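Visitor: Take this structure first; my questions come after.
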Amino acid sequence: MVRIAIAGGTGGLGRTLVEELMQGSEHEVFILSRKTTLPFEISANINLLNPSYNSVDSLEKLLKANEIHTLISVLSPPAPEVHQIELNLIRAAAKSGTVKRFVPSEWGVDYSHDDEHLPLPAPWKALKREAIAELKKHPNLEYTSVYNGFFMDYFGVPHAPSHMLPEIPFIDIQAGKAAIPGTGDENKVALTYTKDVAKFVRRAVESTEPWPEKSVIVGDSVTLNEILQAAEKARGIKFEVVHDSLEDLRAGRITEIPAYVPIYKVLPKDFFLEMMAAFAVAMVTGVFDLGDDTLNKQYPEVKPVKTDEFITKYWAGK
């Protein structure tokens, strides 16, 4: 049995990880959250802990008292105050004596790419790099950064089961509109459904094999035009399509699609559009092509859903 703590386990990917780990009784899972109650039902092997995130000593005692072995961080957004919590968790885990493995809140893609390829808003990448640098200071902690590309969930909104915010990228299937970065054919883009990410993470947690510093998960690898074609086929209509040039995207100019508007209630509009423009540049320049050195090969029993299958399932006839 592994005692696992998930920081940020009440929503989004964190909740999906909790649900996957709840499937059996071989693990004991601890959700680290400031919330005193959970917005969903839990099984007997799930526990809620309310940490004092601002104190390394307090976090160390909490992890040690509960004999946490593996700590998974799904904290967001990438703001300085959240980043400090991540650093505190790393330092507390290293001091605890019980935590042996740590998964930082990376996900998505490798944030070490330069601004020509991944021009994310400052100080996003700097904060991510600092967390990895902190982990390298603690050789007693085995760690792995999980990279899964873009979450496939976004192309199933609002029909596919998902806990993710509907941060739909570039192709608004419901509205029948798309703003494609570049030509849409420059490079493949890795897409992975959060439920499949959770299945691979569970197997990595259960494995006694040494963790690599980077763990890549690829549900499917497709071009943006292939996603568009699957969407048009499922809905039986031709979409209204525009293309944003790489020059415009690097300048932060991106065409707004209807799906973006509801997100402005959660994230500031300027920040969100700058983030989406950066991810668009990353897709055109190949950052989201994660290659084939993946956990898929290590755990072939996990059969992740493919893009065409996913979109057809949740959009056909709608």
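We name chains A, B, ... following the order of the structure tokens; residues begin at 1 in each chain, and ligands are numbered from 1 as shown.
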Give me, as a list of chain:residue names, all polymer residues having an atom no more than 7 Å from segment 258-271 of chain A, counting only C-alpha atoms and skipping those fewer than 4 positions away in the same chain.
Guide: A:Glu167, A:Ile168, A:Asp172, A:Ala175, A:Met275
Visitor: Neighbouring residues of Met283 of chain A were defined as those with any atom within 9 Å, considering only C-alpha atoms; residues of the same chain fewer than 2 positions away were excluded. Please report them as a VMD selection string.
Guide: chain A and resid 117 to 118 181 to 182 184 186 to 189 223 to 224 278 to 281 285 to 289
Visitor: I'd like the contact shell of segment 47-52 of chain A - 6 Å cut-off, only C-alpha atoms, skipping same-chain residues fewer than 3 positions apart - returned as a list in words.
Guide: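 Within the cut-off, the hits are Phe30, Ile31, Leu32, Ser33, Arg34 and Ser55 of chain A.
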Visitor: Looking only at the backbone, which of the residues in segment 37-154 of chain A does DSSP tag as alpha helix (DSSP H), as a PyMOL selection string?
Guide: chain A and resi 56-65+80-96+124-136
Visitor: Calculated over only C-alpha atoms, which of the candidates A:Glu81, A:Asp110, A:Glu232, A:Glu28 has the smallest distance to Pro123 of chain A?
Guide: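 Closest to Pro123 of chain A, using only C-alpha atoms: A:Glu81.
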Visitor: I need the residue nearest His159 of chain A from this list: A:Ile311, A:Val241, A:Ala230, A:Ala94. Use only C-alpha atoms for the distance.
Guide: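 Nearest candidate to His159 of chain A out of A:Ile311, A:Val241, A:Ala230, A:Ala94: A:Ile311.
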Visitor: Which of these, A:Ala251, A:Ile72, A:Val99, A:Ala131, has the shortest distance to Gly14 of chain A once you count only C-alpha atoms?
Guide: A:Ile72
Visitor: Taking the DSSP assignment computed from this structure's backbone, write out as a ChimeraX atom specification all residues of segment 16-90 of chain A that belong to strand (DSSP E).
Guide: /A:27-32,46-49,70-73
Visitor: Please identify all polymer residues within 7 Å of segment 208-215 of chain A, counting only C-alpha atoms, omitting same-chain residues fewer than 3 positions from it, and present them as a list in words.
Guide: Glu142, Tyr143, Thr144, Ser145, Val146, Tyr147, Thr294 and Leu295 of chain A
Visitor: For each of A:Ile173, A:Ile46, A:Ala65, A:Leu75, take the minimum atom-to-atom distance to Lys233 of chain A, counting only C-alpha atoms, then give the residue where this is smallest.
Guide: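 So, comparing all the options, the nearest one is A:Ile173.
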Visitor: Which residue out of A:Gly317, A:Pro121, A:Gly108, A:Gly236 has the minimum interatomic distance to Leu13 of chain A when only C-alpha atoms are used?
Guide: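 For Leu13 of chain A, the nearest of the candidates is A:Gly108.
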Visitor: So that I can check the surroundings of Ala160 of chain A, please list as a PyMOL selection string every protein, DNA and RNA residue that reaches within 9 Å of it, counting only C-alpha atoms and ignoring chain neighbours fewer than 3 positions away.
Guide: chain A and resi 153-157+310+313-314
Visitor: Calculate how many Å separate atom CA of Leu89 of chain A from atom CA of His163 of chain A, rounding to one decimal.
Guide: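 The value is 24.0 Å.
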Visitor: For Phe170 of chain A, list every protein, DNA or RNA residue within 7 Å, evaluated using only C-alpha atoms, and leave out those in the same chain fewer than 6 positions away; present the list as a list in words.
Guide: Ala178, Ala179 and Ile180 of chain A
Visitor: Any chance you can output those residues with N, CA, C and O atoms as a PDB file, in the first residue's frame?
Guide:
```
ATOM      1  N   ALA A 178     -13.535  28.154 -35.681  1.00  0.00           N
ATOM      2  CA  ALA A 178     -12.161  27.816 -35.319  1.00  0.00           C
ATOM      3  C   ALA A 178     -11.217  28.932 -35.726  1.00  0.00           C
ATOM      4  O   ALA A 178     -11.400  29.575 -36.761  1.00  0.00           O
ATOM      5  N   ALA A 179     -10.214  29.173 -34.875  1.00  0.00           N
ATOM      6  CA  ALA A 179      -9.120  30.086 -35.184  1.00  0.00           C
ATOM      7  C   ALA A 179      -7.843  29.257 -35.099  1.00  0.00           C
ATOM      8  O   ALA A 179      -7.305  29.040 -34.013  1.00  0.00           O
ATOM      9  N   ILE A 180      -7.392  28.770 -36.236  1.00  0.00           N
ATOM     10  CA  ILE A 180      -6.295  27.803 -36.277  1.00  0.00           C
ATOM     11  C   ILE A 180      -4.942  28.514 -36.275  1.00  0.00           C
ATOM     12  O   ILE A 180      -4.689  29.379 -37.117  1.00  0.00           O
TER      13      ILE A 180
END
```
Visitor: For Leu63 of chain A, please output as a PyMOL selection string all residues within 8 Å (counting only C-alpha atoms; exclusion window: fewer than 6 positions along the same chain).
Guide: chain A and resi 92-93+96+98-99
Visitor: Just write the chosen residues, N, CA and C atoms, as a PDB file, in the first residue's frame.
Guide:
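Writing done, so here's part_24.pdb:
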```
ATOM      1  N   ALA A  92       9.379  20.722   2.597  1.00  0.00           N
ATOM      2  CA  ALA A  92       8.802  19.939   3.695  1.00  0.00           C
ATOM      3  C   ALA A  92       8.898  18.447   3.407  1.00  0.00           C
ATOM      4  N   ALA A  93       8.655  18.063   2.156  1.00  0.00           N
ATOM      5  CA  ALA A  93       8.752  16.651   1.773  1.00  0.00           C
ATOM      6  C   ALA A  93      10.165  16.138   1.986  1.00  0.00           C
ATOM      7  N   SER A  96      10.828  15.658   5.708  1.00  0.00           N
ATOM      8  CA  SER A  96       9.913  14.787   6.451  1.00  0.00           C
ATOM      9  C   SER A  96      10.513  13.430   6.798  1.00  0.00           C
ATOM     10  N   THR A  98       9.721  10.748   5.438  1.00  0.00           N
ATOM     11  CA  THR A  98       8.778   9.721   4.970  1.00  0.00           C
ATOM     12  C   THR A  98       8.496   9.840   3.479  1.00  0.00           C
ATOM     13  N   VAL A  99       8.470  11.077   2.959  1.00  0.00           N
ATOM     14  CA  VAL A  99       8.175  11.274   1.528  1.00  0.00           C
ATOM     15  C   VAL A  99       9.394  10.878   0.699  1.00  0.00           C
TER      16      VAL A  99
END
```
Visitor: Pick from A:Glu256, A:Glu301, A:Glu106, A:Glu19: nearest to Ser162 of chain A, with only C-alpha atoms counted?
Guide: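 Using only C-alpha atoms, Ser162 of chain A sits closest to A:Glu19.
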